[in-house]
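Heads up, my_file_34.pdb below (PDB, C-alpha atoms):
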MODEL        1
ATOM      1  CA  MET A   1      13.240 -15.162  -3.280
ATOM      2  CA  ASN A   2      12.429 -16.734  -6.623
ATOM      3  CA  PRO A   3      10.750 -14.868  -9.486
ATOM      4  CA  GLN A   4       7.491 -16.805  -9.184
ATOM      5  CA  ILE A   5       7.066 -15.893  -5.512
ATOM      6  CA  ILE A   6       7.824 -12.258  -6.313
ATOM      7  CA  THR A   7       5.314 -12.339  -9.165
ATOM      8  CA  ASN A   8       2.624 -13.899  -6.986
ATOM      9  CA  MET A   9       3.155 -11.447  -4.128
ATOM     10  CA  TRP A  10       2.589  -8.640  -6.614
ATOM     11  CA  LEU A  11      -0.419 -10.361  -8.228
ATOM     12  CA  PHE A  12      -2.086 -10.589  -4.784
ATOM     13  CA  HIS A  13      -2.574  -6.840  -5.231
ATOM     14  CA  ARG A  14      -2.729  -6.363  -8.997
ATOM     15  CA  LEU A  15      -5.646  -8.749  -9.413
ATOM     16  CA  VAL A  16      -7.627  -6.769  -6.842
ATOM     17  CA  GLY A  17      -6.908  -3.471  -8.603
ATOM     18  CA  ASN A  18      -7.978  -4.999 -11.898
ATOM     19  CA  GLU A  19     -11.233  -6.225 -10.347
ATOM     20  CA  ILE A  20     -12.044  -2.661  -9.381
ATOM     21  CA  ILE A  21     -11.171  -1.309 -12.835
ATOM     22  CA  ASP A  22     -13.430  -3.972 -14.322
ATOM     23  CA  MET A  23     -16.341  -2.432 -12.370
ATOM     24  CA  VAL A  24     -16.047   1.119 -13.733
ATOM     25  CA  SER A  25     -18.133   2.701 -16.511
ATOM     26  CA  ASP A  26     -17.383   5.407 -19.093
ATOM     27  CA  GLU A  27     -18.790   8.205 -16.921
ATOM     28  CA  HIS A  28     -16.338   7.365 -14.111
ATOM     29  CA  LEU A  29     -13.128   7.807 -16.094
ATOM     30  CA  ASP A  30     -12.724  11.521 -15.428
ATOM     31  CA  PHE A  31     -13.719  11.425 -11.766
ATOM     32  CA  ARG A  32     -11.203  12.990  -9.399
ATOM     33  CA  PRO A  33     -11.697  13.459  -5.641
ATOM     34  CA  TRP A  34     -10.012  16.869  -5.399
ATOM     35  CA  GLU A  35      -8.956  19.504  -7.923
ATOM     36  CA  GLY A  36      -5.539  18.600  -9.201
ATOM     37  CA  ALA A  37      -5.837  14.896  -8.373
ATOM     38  CA  MET A  38      -5.283  12.243 -11.010
ATOM     39  CA  THR A  39      -8.560  11.211 -12.612
ATOM     40  CA  LEU A  40      -9.638   7.621 -12.094
ATOM     41  CA  LYS A  41      -8.370   6.800 -15.587
ATOM     42  CA  GLU A  42      -5.033   8.487 -14.908
ATOM     43  CA  LEU A  43      -4.677   6.695 -11.575
ATOM     44  CA  ALA A  44      -5.341   3.298 -13.179
ATOM     45  CA  LEU A  45      -2.811   3.984 -15.932
ATOM     46  CA  HIS A  46      -0.282   5.347 -13.447
ATOM     47  CA  ILE A  47      -0.470   2.124 -11.452
ATOM     48  CA  VAL A  48       0.049  -0.254 -14.353
ATOM     49  CA  PHE A  49       2.625   1.754 -16.299
ATOM     50  CA  SER A  50       4.716   2.678 -13.242
ATOM     51  CA  THR A  51       4.887  -0.925 -12.152
ATOM     52  CA  HIS A  52       5.783  -1.976 -15.674
ATOM     53  CA  LYS A  53       8.581   0.587 -15.760
ATOM     54  CA  PHE A  54       9.939  -0.607 -12.404
ATOM     55  CA  ALA A  55       9.923  -4.212 -13.655
ATOM     56  CA  GLU A  56      11.589  -3.223 -16.941
ATOM     57  CA  THR A  57      14.243  -1.323 -15.021
ATOM     58  CA  VAL A  58      15.159  -4.478 -13.113
ATOM     59  CA  GLN A  59      15.104  -6.540 -16.299
ATOM     60  CA  LEU A  60      17.286  -4.140 -18.277
ATOM     61  CA  GLY A  61      19.456  -2.769 -15.463
ATOM     62  CA  THR A  62      18.371   0.758 -16.347
ATOM     63  CA  THR A  63      15.211   2.676 -17.234
ATOM     64  CA  VAL A  64      14.233   2.988 -20.851
ATOM     65  CA  SER A  65      11.616   5.533 -21.853
ATOM     66  CA  SER A  66      10.002   3.266 -24.369
ATOM     67  CA  THR A  67       6.588   2.710 -22.846
ATOM     68  CA  VAL A  68       4.058   3.873 -25.414
ATOM     69  CA  GLU A  69       0.851   4.832 -23.667
ATOM     70  CA  LYS A  70      -2.160   4.203 -25.880
ATOM     71  CA  GLU A  71      -4.999   6.697 -25.889
ATOM     72  CA  VAL A  72      -7.871   5.535 -23.706
ATOM     73  CA  ASN A  73     -11.354   6.972 -24.210
ATOM     74  CA  THR A  74     -13.732   4.379 -22.850
ATOM     75  CA  ALA A  75     -13.969   2.117 -19.819
ATOM     76  CA  GLU A  76     -13.725  -0.853 -22.171
ATOM     77  CA  GLU A  77     -10.435   0.424 -23.607
ATOM     78  CA  LEU A  78      -9.116   1.070 -20.103
ATOM     79  CA  LYS A  79      -9.959  -2.456 -18.972
ATOM     80  CA  GLN A  80      -8.363  -4.013 -22.037
ATOM     81  CA  LEU A  81      -5.199  -1.967 -21.633
ATOM     82  CA  VAL A  82      -4.894  -2.678 -17.914
ATOM     83  CA  HIS A  83      -5.194  -6.427 -18.479
ATOM     84  CA  GLU A  84      -2.781  -6.275 -21.428
ATOM     85  CA  VAL A  85      -0.114  -4.435 -19.425
ATOM     86  CA  THR A  86      -0.660  -6.791 -16.469
ATOM     87  CA  GLU A  87       0.219  -9.756 -18.713
ATOM     88  CA  LYS A  88       3.320  -8.005 -20.046
ATOM     89  CA  THR A  89       4.529  -7.104 -16.562
ATOM     90  CA  LYS A  90       3.849 -10.651 -15.362
ATOM     91  CA  THR A  91       5.991 -12.033 -18.174
ATOM     92  CA  ILE A  92       8.881  -9.767 -17.242
ATOM     93  CA  LEU A  93       8.686 -10.574 -13.526
ATOM     94  CA  GLU A  94       8.444 -14.316 -14.058
ATOM     95  CA  GLY A  95      11.478 -14.192 -16.315
ATOM     96  CA  LEU A  96      13.804 -12.379 -13.924
ATOM     97  CA  THR A  97      16.904 -14.417 -13.129
ATOM     98  CA  GLU A  98      18.579 -14.630  -9.702
ATOM     99  CA  GLU A  99      21.382 -12.604 -11.282
ATOM    100  CA  LYS A 100      19.041  -9.785 -12.318
ATOM    101  CA  LEU A 101      17.408  -9.784  -8.892
ATOM    102  CA  LYS A 102      20.735  -9.345  -7.127
ATOM    103  CA  ALA A 103      22.291  -6.889  -9.577
ATOM    104  CA  VAL A 104      22.435  -3.199  -8.760
ATOM    105  CA  VAL A 105      20.268  -1.289 -11.211
ATOM    106  CA  ASP A 106      20.288   2.326 -12.292
ATOM    107  CA  ALA A 107      16.923   3.543 -11.030
ATOM    108  CA  THR A 108      17.956   7.193 -11.059
ATOM    109  CA  ARG A 109      15.196   7.983 -13.560
ATOM    110  CA  VAL A 110      12.444   6.368 -11.517
ATOM    111  CA  ILE A 111      13.436   7.055  -7.905
ATOM    112  CA  GLY A 112      16.712   8.925  -8.099
ATOM    113  CA  THR A 113      19.094   6.225  -6.924
ATOM    114  CA  TYR A 114      20.953   2.986  -7.673
ATOM    115  CA  LEU A 115      19.836  -0.101  -5.765
ATOM    116  CA  PRO A 116      19.571  -3.901  -6.019
ATOM    117  CA  GLY A 117      16.827  -5.316  -8.235
ATOM    118  CA  THR A 118      14.935  -6.928  -5.353
ATOM    119  CA  SER A 119      14.856  -3.634  -3.450
ATOM    120  CA  LEU A 120      13.399  -1.878  -6.481
ATOM    121  CA  LEU A 121      10.750  -4.603  -6.761
ATOM    122  CA  HIS A 122       9.783  -3.983  -3.132
ATOM    123  CA  ILE A 123       9.328  -0.294  -3.898
ATOM    124  CA  MET A 124       7.412  -1.172  -7.073
ATOM    125  CA  ARG A 125       4.987  -3.242  -5.033
ATOM    126  CA  ASP A 126       4.635  -0.680  -2.237
ATOM    127  CA  HIS A 127       3.966   2.033  -4.831
ATOM    128  CA  GLU A 128       1.188  -0.043  -6.372
ATOM    129  CA  ILE A 129      -0.436  -0.862  -3.009
ATOM    130  CA  HIS A 130      -0.335   2.838  -2.100
ATOM    131  CA  HIS A 131      -2.166   3.902  -5.252
ATOM    132  CA  LYS A 132      -4.544   0.942  -5.201
ATOM    133  CA  GLY A 133      -5.579   2.075  -1.707
ATOM    134  CA  GLN A 134      -6.466   5.407  -3.285
ATOM    135  CA  LEU A 135      -8.381   3.606  -6.038
ATOM    136  CA  PHE A 136     -10.608   2.083  -3.342
ATOM    137  CA  VAL A 137     -11.565   5.590  -2.160
ATOM    138  CA  TYR A 138     -12.269   6.670  -5.749
ATOM    139  CA  ALA A 139     -14.369   3.530  -6.261
ATOM    140  CA  ARG A 140     -16.528   4.173  -3.207
ATOM    141  CA  MET A 141     -16.880   7.863  -4.087
ATOM    142  CA  ILE A 142     -18.297   7.005  -7.534
ATOM    143  CA  GLY A 143     -20.766   4.684  -5.829
ATOM    144  CA  LEU A 144     -19.287   1.232  -6.389
ATOM    145  CA  GLU A 145     -20.172  -1.336  -3.744
ATOM    146  CA  ASN A 146     -19.155  -4.883  -2.882
ATOM    147  CA  LEU A 147     -15.491  -4.105  -3.433
ATOM    148  CA  PRO A 148     -12.995  -6.949  -3.050
ATOM    149  CA  MET A 149     -10.707  -7.343  -0.026
ATOM    150  CA  PHE A 150      -7.614  -5.119  -0.272
ATOM    151  CA  MET A 151      -5.451  -8.116  -1.227
ATOM    152  CA  LYS A 152      -5.701 -11.751  -2.185
ATOM    153  CA  HIS A 153      -4.047 -14.393  -0.009
ATOM    154  CA  ARG A 154      -3.843 -16.990  -2.754
ATOM    155  CA  LEU A 155      -4.112 -16.977  -6.544
TER     156      LEU A 155
ATOM    157  CA  MET B   1      15.215 -11.285   7.506
ATOM    158  CA  ASN B   2      16.209  -9.876  10.877
ATOM    159  CA  PRO B   3      13.808  -7.957  13.125
ATOM    160  CA  GLN B   4      15.574  -4.627  12.620
ATOM    161  CA  ILE B   5      15.231  -4.804   8.831
ATOM    162  CA  ILE B   6      11.558  -5.743   9.178
ATOM    163  CA  THR B   7      11.046  -2.863  11.596
ATOM    164  CA  ASN B   8      12.763  -0.396   9.280
ATOM    165  CA  MET B   9      10.823  -1.528   6.215
ATOM    166  CA  TRP B  10       7.643  -0.840   8.144
ATOM    167  CA  LEU B  11       8.894   2.494   9.496
ATOM    168  CA  PHE B  12       9.553   3.653   5.899
ATOM    169  CA  HIS B  13       5.766   3.888   5.716
ATOM    170  CA  ARG B  14       4.679   4.547   9.292
ATOM    171  CA  LEU B  15       6.793   7.681   9.584
ATOM    172  CA  VAL B  16       5.125   9.095   6.469
ATOM    173  CA  GLY B  17       1.646   8.374   7.818
ATOM    174  CA  ASN B  18       2.568  10.030  11.095
ATOM    175  CA  GLU B  19       3.820  13.117   9.241
ATOM    176  CA  ILE B  20       0.405  13.477   7.654
ATOM    177  CA  ILE B  21      -1.418  13.007  10.961
ATOM    178  CA  ASP B  22       0.848  15.668  12.449
ATOM    179  CA  MET B  23      -0.555  18.123   9.865
ATOM    180  CA  VAL B  24      -4.251  17.755  10.736
ATOM    181  CA  SER B  25      -6.371  20.072  12.878
ATOM    182  CA  ASP B  26      -9.404  19.478  15.119
ATOM    183  CA  GLU B  27     -11.895  20.309  12.361
ATOM    184  CA  HIS B  28     -10.480  17.549  10.130
ATOM    185  CA  LEU B  29     -11.040  14.636  12.504
ATOM    186  CA  ASP B  30     -14.575  13.828  11.386
ATOM    187  CA  PHE B  31     -13.963  14.278   7.646
ATOM    188  CA  ARG B  32     -14.985  11.313   5.516
ATOM    189  CA  PRO B  33     -14.866  11.220   1.678
ATOM    190  CA  TRP B  34     -18.098   9.233   1.226
ATOM    191  CA  GLU B  35     -21.012   8.340   3.480
ATOM    192  CA  GLY B  36     -20.106   5.229   5.385
ATOM    193  CA  ALA B  37     -16.348   5.728   5.078
ATOM    194  CA  MET B  38     -14.114   5.789   8.122
ATOM    195  CA  THR B  39     -13.565   9.337   9.333
ATOM    196  CA  LEU B  40     -10.016  10.637   9.177
ATOM    197  CA  LYS B  41      -9.678   9.960  12.907
ATOM    198  CA  GLU B  42     -11.024   6.431  12.526
ATOM    199  CA  LEU B  43      -8.712   5.740   9.593
ATOM    200  CA  ALA B  44      -5.664   6.923  11.549
ATOM    201  CA  LEU B  45      -6.615   4.771  14.541
ATOM    202  CA  HIS B  46      -7.418   1.787  12.309
ATOM    203  CA  ILE B  47      -3.926   1.970  10.804
ATOM    204  CA  VAL B  48      -2.016   2.079  14.067
ATOM    205  CA  PHE B  49      -4.148  -0.356  16.084
ATOM    206  CA  SER B  50      -4.444  -2.944  13.299
ATOM    207  CA  THR B  51      -0.709  -2.961  12.775
ATOM    208  CA  HIS B  52      -0.172  -3.244  16.515
ATOM    209  CA  LYS B  53      -2.541  -6.210  16.671
ATOM    210  CA  PHE B  54      -0.753  -7.936  13.780
ATOM    211  CA  ALA B  55       2.605  -7.430  15.524
ATOM    212  CA  GLU B  56       1.228  -8.668  18.839
ATOM    213  CA  THR B  57      -0.196 -11.747  17.108
ATOM    214  CA  VAL B  58       3.273 -12.656  15.847
ATOM    215  CA  GLN B  59       4.782 -11.954  19.249
ATOM    216  CA  LEU B  60       2.250 -14.029  21.182
ATOM    217  CA  GLY B  61       1.468 -16.673  18.558
ATOM    218  CA  THR B  62      -2.209 -15.781  18.733
ATOM    219  CA  THR B  63      -4.426 -12.705  18.812
ATOM    220  CA  VAL B  64      -5.371 -11.221  22.137
ATOM    221  CA  SER B  65      -8.186  -8.722  22.338
ATOM    222  CA  SER B  66      -6.419  -6.573  24.870
ATOM    223  CA  THR B  67      -5.866  -3.369  22.935
ATOM    224  CA  VAL B  68      -7.523  -0.601  24.887
ATOM    225  CA  GLU B  69      -8.408   2.225  22.540
ATOM    226  CA  LYS B  70      -8.334   5.559  24.321
ATOM    227  CA  GLU B  71     -10.965   8.138  23.511
ATOM    228  CA  VAL B  72      -9.661  10.752  21.108
ATOM    229  CA  ASN B  73     -11.387  14.130  20.845
ATOM    230  CA  THR B  74      -8.756  16.503  19.521
ATOM    231  CA  ALA B  75      -6.072  16.480  16.845
ATOM    232  CA  GLU B  76      -3.503  16.833  19.605
ATOM    233  CA  GLU B  77      -4.770  13.706  21.349
ATOM    234  CA  LEU B  78      -4.778  11.827  18.038
ATOM    235  CA  LYS B  79      -1.175  12.810  17.327
ATOM    236  CA  GLN B  80      -0.023  11.805  20.801
ATOM    237  CA  LEU B  81      -1.780   8.456  20.599
ATOM    238  CA  VAL B  82      -0.482   7.675  17.115
ATOM    239  CA  HIS B  83       3.101   8.367  18.172
ATOM    240  CA  GLU B  84       2.653   6.407  21.411
ATOM    241  CA  VAL B  85       1.302   3.321  19.606
ATOM    242  CA  THR B  86       4.058   3.634  16.988
ATOM    243  CA  GLU B  87       6.668   3.341  19.737
ATOM    244  CA  LYS B  88       4.940   0.334  21.276
ATOM    245  CA  THR B  89       4.656  -1.448  17.924
ATOM    246  CA  LYS B  90       8.300  -0.644  17.165
ATOM    247  CA  THR B  91       9.365  -2.232  20.458
ATOM    248  CA  ILE B  92       7.442  -5.419  19.673
ATOM    249  CA  LEU B  93       8.800  -5.705  16.135
ATOM    250  CA  GLU B  94      12.405  -5.053  17.166
ATOM    251  CA  GLY B  95      12.109  -7.722  19.827
ATOM    252  CA  LEU B  96      10.847 -10.539  17.587
ATOM    253  CA  THR B  97      13.182 -13.523  17.600
ATOM    254  CA  GLU B  98      14.028 -15.662  14.553
ATOM    255  CA  GLU B  99      11.954 -18.350  16.239
ATOM    256  CA  LYS B 100       8.866 -16.132  16.458
ATOM    257  CA  LEU B 101       9.294 -15.031  12.866
ATOM    258  CA  LYS B 102       9.347 -18.597  11.595
ATOM    259  CA  ALA B 103       6.627 -20.001  13.879
ATOM    260  CA  VAL B 104       3.132 -20.564  12.554
ATOM    261  CA  VAL B 105       0.732 -18.227  14.332
ATOM    262  CA  ASP B 106      -2.997 -18.387  14.847
ATOM    263  CA  ALA B 107      -4.212 -15.368  12.909
ATOM    264  CA  THR B 108      -7.752 -16.686  12.547
ATOM    265  CA  ARG B 109      -9.084 -13.685  14.461
ATOM    266  CA  VAL B 110      -7.329 -11.113  12.270
ATOM    267  CA  ILE B 111      -7.382 -12.684   8.803
ATOM    268  CA  GLY B 112      -9.062 -16.048   9.231
ATOM    269  CA  THR B 113      -6.052 -18.333   8.843
ATOM    270  CA  TYR B 114      -2.874 -19.785  10.342
ATOM    271  CA  LEU B 115       0.412 -18.701   8.751
ATOM    272  CA  PRO B 116       4.090 -18.079   9.537
ATOM    273  CA  GLY B 117       4.965 -14.930  11.468
ATOM    274  CA  THR B 118       6.893 -13.359   8.591
ATOM    275  CA  SER B 119       3.938 -13.834   6.239
ATOM    276  CA  LEU B 120       1.647 -12.096   8.700
ATOM    277  CA  LEU B 121       4.125  -9.216   8.976
ATOM    278  CA  HIS B 122       4.023  -8.841   5.174
ATOM    279  CA  ILE B 123       0.242  -8.596   5.307
ATOM    280  CA  MET B 124       0.493  -6.175   8.243
ATOM    281  CA  ARG B 125       2.707  -3.902   6.184
ATOM    282  CA  ASP B 126       0.597  -4.174   3.009
ATOM    283  CA  HIS B 127      -2.516  -3.370   5.031
ATOM    284  CA  GLU B 128      -0.886  -0.242   6.413
ATOM    285  CA  ILE B 129       0.346   0.946   2.990
ATOM    286  CA  HIS B 130      -3.152   0.410   1.579
ATOM    287  CA  HIS B 131      -4.798   2.583   4.209
ATOM    288  CA  LYS B 132      -2.021   5.166   4.222
ATOM    289  CA  GLY B 133      -2.657   5.572   0.475
ATOM    290  CA  GLN B 134      -6.235   6.409   1.390
ATOM    291  CA  LEU B 135      -5.022   8.842   4.042
ATOM    292  CA  PHE B 136      -3.236  10.772   1.287
ATOM    293  CA  VAL B 137      -6.553  11.246  -0.534
ATOM    294  CA  TYR B 138      -8.225  12.367   2.699
ATOM    295  CA  ALA B 139      -5.344  14.783   3.335
ATOM    296  CA  ARG B 140      -5.634  16.404  -0.090
ATOM    297  CA  MET B 141      -9.428  16.581   0.172
ATOM    298  CA  ILE B 142      -9.215  18.547   3.444
ATOM    299  CA  GLY B 143      -6.811  20.938   1.729
ATOM    300  CA  LEU B 144      -3.406  19.841   3.023
ATOM    301  CA  GLU B 145      -0.504  20.549   0.670
ATOM    302  CA  ASN B 146       3.174  19.721   0.514
ATOM    303  CA  LEU B 147       2.572  16.131   1.522
ATOM    304  CA  PRO B 148       5.590  13.855   1.957
ATOM    305  CA  MET B 149       6.592  11.191  -0.592
ATOM    306  CA  PHE B 150       4.552   7.995  -0.187
ATOM    307  CA  MET B 151       7.488   6.247   1.531
ATOM    308  CA  LYS B 152      10.898   6.950   2.968
ATOM    309  CA  HIS B 153      13.938   5.217   1.480
ATOM    310  CA  ARG B 154      16.071   5.644   4.577
ATOM    311  CA  LEU B 155      15.448   6.462   8.232
TER     312      LEU B 155
ENDMDL
END

What is this file in structure tokens?
Amino acid sequence: MNPQIITNMWLFHRLVGNEIIDMVSDEHLDFRPWEGAMTLKELALHIVFSTHKFAETVQLGTTVSSTVEKEVNTAEELKQLVHEVTEKTKTILEGLTEEKLKAVVDATRVIGTYLPGTSLLHIMRDHEIHHKGQLFVYARMIGLENLPMFMKHRL
Amino acid sequence: MNPQIITNMWLFHRLVGNEIIDMVSDEHLDFRPWEGAMTLKELALHIVFSTHKFAETVQLGTTVSSTVEKEVNTAEELKQLVHEVTEKTKTILEGLTEEKLKAVVDATRVIGTYLPGTSLLHIMRDHEIHHKGQLFVYARMIGLENLPMFMKHRL
């Protein structure tokens, strides 16, 4: 599978998650559905930074702990950051070579094992879909309506 | 991709969803996190019957409206049904030929378009992961703890 197809298959979901984030307001950021859950802000950041780390792991062959998470205090800051990280992740994914995709990477620090790049990208995508599903529940619980379909079929 | 790999990549998620369903009790069946949401029972049935319909569509080349949904009144009945449908879906997926996987199927009645079998199976799987993510939120909201990881990495 070539890097552009991989990127698009991920964007089918990322763009939907971003649409939901774009609908939230300041008062929603700290919403959590049960005590101990991630807040909406934490969930949004978890999605984009985890995916970025997975992609970086495939790019570099190992996980680096370099991701600097900016402080986010407003919905506007959250939206900006989410779109900014989306662009950075997209650049990494589009630039992956066939060699990188096939190579076994050290993902011990993200999922405790070594595995081929493409397999890690599958897990990256599944992880994002899982949490984006949760984001839909958060979104409805804070009263958002007219949510997008769970995925796009074309870009 | 051969049918067994496709089946396993789906089971990585289905088995986790089933583990959660196996933890619920009668009083949880009608829980819903917001007014208008699917109840826990409805969400569980939506996951297994939608996936089964997607798989059947690839098997038959078109969607048949034959799925008979049994009435479910207790957690025990829900668990039995979920495991029963899982086995049936597994049998269909394992039996898909290379020919069926490549053939364009009429999925207009499930997602409004025609597309190759493998593409529909990707959407089937994404759809299940999306809703299983939501099931995790439901599970925590009804007080379940020690939930499994969001996916298995081996069977």

Can you give me chain A superposed onto chain B, least-squares on all Cα in order, written as a CSV table (one decimal) with C-alpha atoms, in the coordinates of the input?
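Generated output (superposed_7.csv):
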chain,number,residue,atom,x,y,z
A,1,MET,CA,15.2,-11.3,7.5
A,2,ASN,CA,16.2,-9.9,10.9
A,3,PRO,CA,13.8,-8.0,13.1
A,4,GLN,CA,15.6,-4.6,12.6
A,5,ILE,CA,15.2,-4.8,8.8
A,6,ILE,CA,11.6,-5.8,9.2
A,7,THR,CA,11.0,-2.9,11.6
A,8,ASN,CA,12.8,-0.4,9.3
A,9,MET,CA,10.8,-1.5,6.2
A,10,TRP,CA,7.6,-0.9,8.1
A,11,LEU,CA,8.9,2.5,9.5
A,12,PHE,CA,9.6,3.7,5.9
A,13,HIS,CA,5.8,3.9,5.7
A,14,ARG,CA,4.7,4.5,9.3
A,15,LEU,CA,6.8,7.7,9.6
A,16,VAL,CA,5.1,9.1,6.5
A,17,GLY,CA,1.6,8.4,7.8
A,18,ASN,CA,2.6,10.0,11.1
A,19,GLU,CA,3.8,13.1,9.3
A,20,ILE,CA,0.4,13.5,7.7
A,21,ILE,CA,-1.4,13.0,11.0
A,22,ASP,CA,0.8,15.7,12.5
A,23,MET,CA,-0.6,18.1,9.9
A,24,VAL,CA,-4.2,17.7,10.7
A,25,SER,CA,-6.4,20.1,12.9
A,26,ASP,CA,-9.4,19.5,15.1
A,27,GLU,CA,-11.9,20.3,12.4
A,28,HIS,CA,-10.5,17.5,10.1
A,29,LEU,CA,-11.0,14.6,12.5
A,30,ASP,CA,-14.6,13.8,11.4
A,31,PHE,CA,-14.0,14.3,7.7
A,32,ARG,CA,-15.0,11.3,5.5
A,33,PRO,CA,-14.9,11.2,1.7
A,34,TRP,CA,-18.1,9.2,1.2
A,35,GLU,CA,-21.0,8.3,3.5
A,36,GLY,CA,-20.1,5.2,5.4
A,37,ALA,CA,-16.4,5.7,5.1
A,38,MET,CA,-14.1,5.8,8.1
A,39,THR,CA,-13.6,9.3,9.3
A,40,LEU,CA,-10.0,10.6,9.2
A,41,LYS,CA,-9.7,10.0,12.9
A,42,GLU,CA,-11.0,6.4,12.5
A,43,LEU,CA,-8.7,5.7,9.6
A,44,ALA,CA,-5.7,6.9,11.5
A,45,LEU,CA,-6.6,4.8,14.5
A,46,HIS,CA,-7.4,1.8,12.3
A,47,ILE,CA,-3.9,2.0,10.8
A,48,VAL,CA,-2.0,2.1,14.1
A,49,PHE,CA,-4.1,-0.4,16.1
A,50,SER,CA,-4.4,-2.9,13.3
A,51,THR,CA,-0.7,-3.0,12.8
A,52,HIS,CA,-0.2,-3.2,16.5
A,53,LYS,CA,-2.5,-6.2,16.7
A,54,PHE,CA,-0.8,-7.9,13.8
A,55,ALA,CA,2.6,-7.4,15.5
A,56,GLU,CA,1.2,-8.7,18.8
A,57,THR,CA,-0.2,-11.7,17.1
A,58,VAL,CA,3.3,-12.6,15.8
A,59,GLN,CA,4.8,-12.0,19.3
A,60,LEU,CA,2.3,-14.0,21.2
A,61,GLY,CA,1.5,-16.7,18.6
A,62,THR,CA,-2.2,-15.8,18.7
A,63,THR,CA,-4.4,-12.7,18.8
A,64,VAL,CA,-5.4,-11.2,22.2
A,65,SER,CA,-8.2,-8.7,22.4
A,66,SER,CA,-6.5,-6.6,24.9
A,67,THR,CA,-5.9,-3.4,22.9
A,68,VAL,CA,-7.6,-0.6,24.9
A,69,GLU,CA,-8.4,2.2,22.5
A,70,LYS,CA,-8.4,5.6,24.3
A,71,GLU,CA,-11.0,8.1,23.5
A,72,VAL,CA,-9.7,10.8,21.1
A,73,ASN,CA,-11.4,14.1,20.8
A,74,THR,CA,-8.8,16.5,19.5
A,75,ALA,CA,-6.1,16.5,16.8
A,76,GLU,CA,-3.5,16.8,19.6
A,77,GLU,CA,-4.8,13.7,21.4
A,78,LEU,CA,-4.8,11.8,18.0
A,79,LYS,CA,-1.2,12.8,17.3
A,80,GLN,CA,0.0,11.8,20.8
A,81,LEU,CA,-1.8,8.5,20.6
A,82,VAL,CA,-0.5,7.7,17.1
A,83,HIS,CA,3.1,8.4,18.2
A,84,GLU,CA,2.6,6.4,21.4
A,85,VAL,CA,1.3,3.3,19.6
A,86,THR,CA,4.1,3.6,17.0
A,87,GLU,CA,6.7,3.3,19.7
A,88,LYS,CA,4.9,0.3,21.3
A,89,THR,CA,4.7,-1.4,17.9
A,90,LYS,CA,8.3,-0.6,17.2
A,91,THR,CA,9.4,-2.2,20.5
A,92,ILE,CA,7.4,-5.4,19.7
A,93,LEU,CA,8.8,-5.7,16.1
A,94,GLU,CA,12.4,-5.1,17.2
A,95,GLY,CA,12.1,-7.7,19.8
A,96,LEU,CA,10.8,-10.5,17.6
A,97,THR,CA,13.2,-13.5,17.6
A,98,GLU,CA,14.0,-15.7,14.5
A,99,GLU,CA,11.9,-18.4,16.2
A,100,LYS,CA,8.9,-16.1,16.5
A,101,LEU,CA,9.3,-15.0,12.9
A,102,LYS,CA,9.4,-18.6,11.6
A,103,ALA,CA,6.6,-20.0,13.9
A,104,VAL,CA,3.1,-20.6,12.6
A,105,VAL,CA,0.7,-18.2,14.3
A,106,ASP,CA,-3.0,-18.4,14.9
A,107,ALA,CA,-4.2,-15.4,12.9
A,108,THR,CA,-7.7,-16.7,12.6
A,109,ARG,CA,-9.1,-13.7,14.5
A,110,VAL,CA,-7.3,-11.1,12.3
A,111,ILE,CA,-7.4,-12.7,8.8
A,112,GLY,CA,-9.1,-16.0,9.2
A,113,THR,CA,-6.1,-18.3,8.9
A,114,TYR,CA,-2.9,-19.8,10.3
A,115,LEU,CA,0.4,-18.7,8.8
A,116,PRO,CA,4.1,-18.1,9.5
A,117,GLY,CA,5.0,-14.9,11.5
A,118,THR,CA,6.9,-13.3,8.6
A,119,SER,CA,3.9,-13.8,6.2
A,120,LEU,CA,1.6,-12.1,8.7
A,121,LEU,CA,4.1,-9.2,9.0
A,122,HIS,CA,4.0,-8.8,5.2
A,123,ILE,CA,0.2,-8.6,5.3
A,124,MET,CA,0.5,-6.2,8.2
A,125,ARG,CA,2.7,-3.9,6.2
A,126,ASP,CA,0.6,-4.2,3.0
A,127,HIS,CA,-2.5,-3.4,5.0
A,128,GLU,CA,-0.9,-0.2,6.4
A,129,ILE,CA,0.3,0.9,3.0
A,130,HIS,CA,-3.1,0.4,1.6
A,131,HIS,CA,-4.8,2.6,4.2
A,132,LYS,CA,-2.0,5.2,4.2
A,133,GLY,CA,-2.7,5.6,0.5
A,134,GLN,CA,-6.2,6.4,1.4
A,135,LEU,CA,-5.0,8.8,4.0
A,136,PHE,CA,-3.2,10.8,1.3
A,137,VAL,CA,-6.6,11.2,-0.5
A,138,TYR,CA,-8.2,12.4,2.7
A,139,ALA,CA,-5.3,14.8,3.3
A,140,ARG,CA,-5.6,16.4,-0.1
A,141,MET,CA,-9.4,16.6,0.2
A,142,ILE,CA,-9.2,18.5,3.5
A,143,GLY,CA,-6.8,20.9,1.7
A,144,LEU,CA,-3.4,19.8,3.0
A,145,GLU,CA,-0.5,20.5,0.7
A,146,ASN,CA,3.2,19.7,0.5
A,147,LEU,CA,2.6,16.1,1.5
A,148,PRO,CA,5.6,13.8,2.0
A,149,MET,CA,6.6,11.2,-0.6
A,150,PHE,CA,4.5,8.0,-0.2
A,151,MET,CA,7.5,6.2,1.5
A,152,LYS,CA,10.9,6.9,3.0
A,153,HIS,CA,13.9,5.2,1.5
A,154,ARG,CA,16.1,5.6,4.6
A,155,LEU,CA,15.5,6.4,8.2

*What lies within 8 Å of Pro33 (chain A) using all atoms listed in the file, ignoring chain neighbours under 6 positions off, as a list of chain:residue names?*
A:Thr39, A:Tyr138, A:Met141, B:Val137, B:Met141

_With all atoms listed in the file as the counted atoms, please give the residues lying no more than 10 Å from Asp26 (chain A), apart from itself and same-chain residues fewer than 2 positions off, as a list in words._
Val24, His28, Leu29, Asp30, Lys41, Asn73, Thr74, Ala75, Glu76, Glu77 and Leu78 of chain A
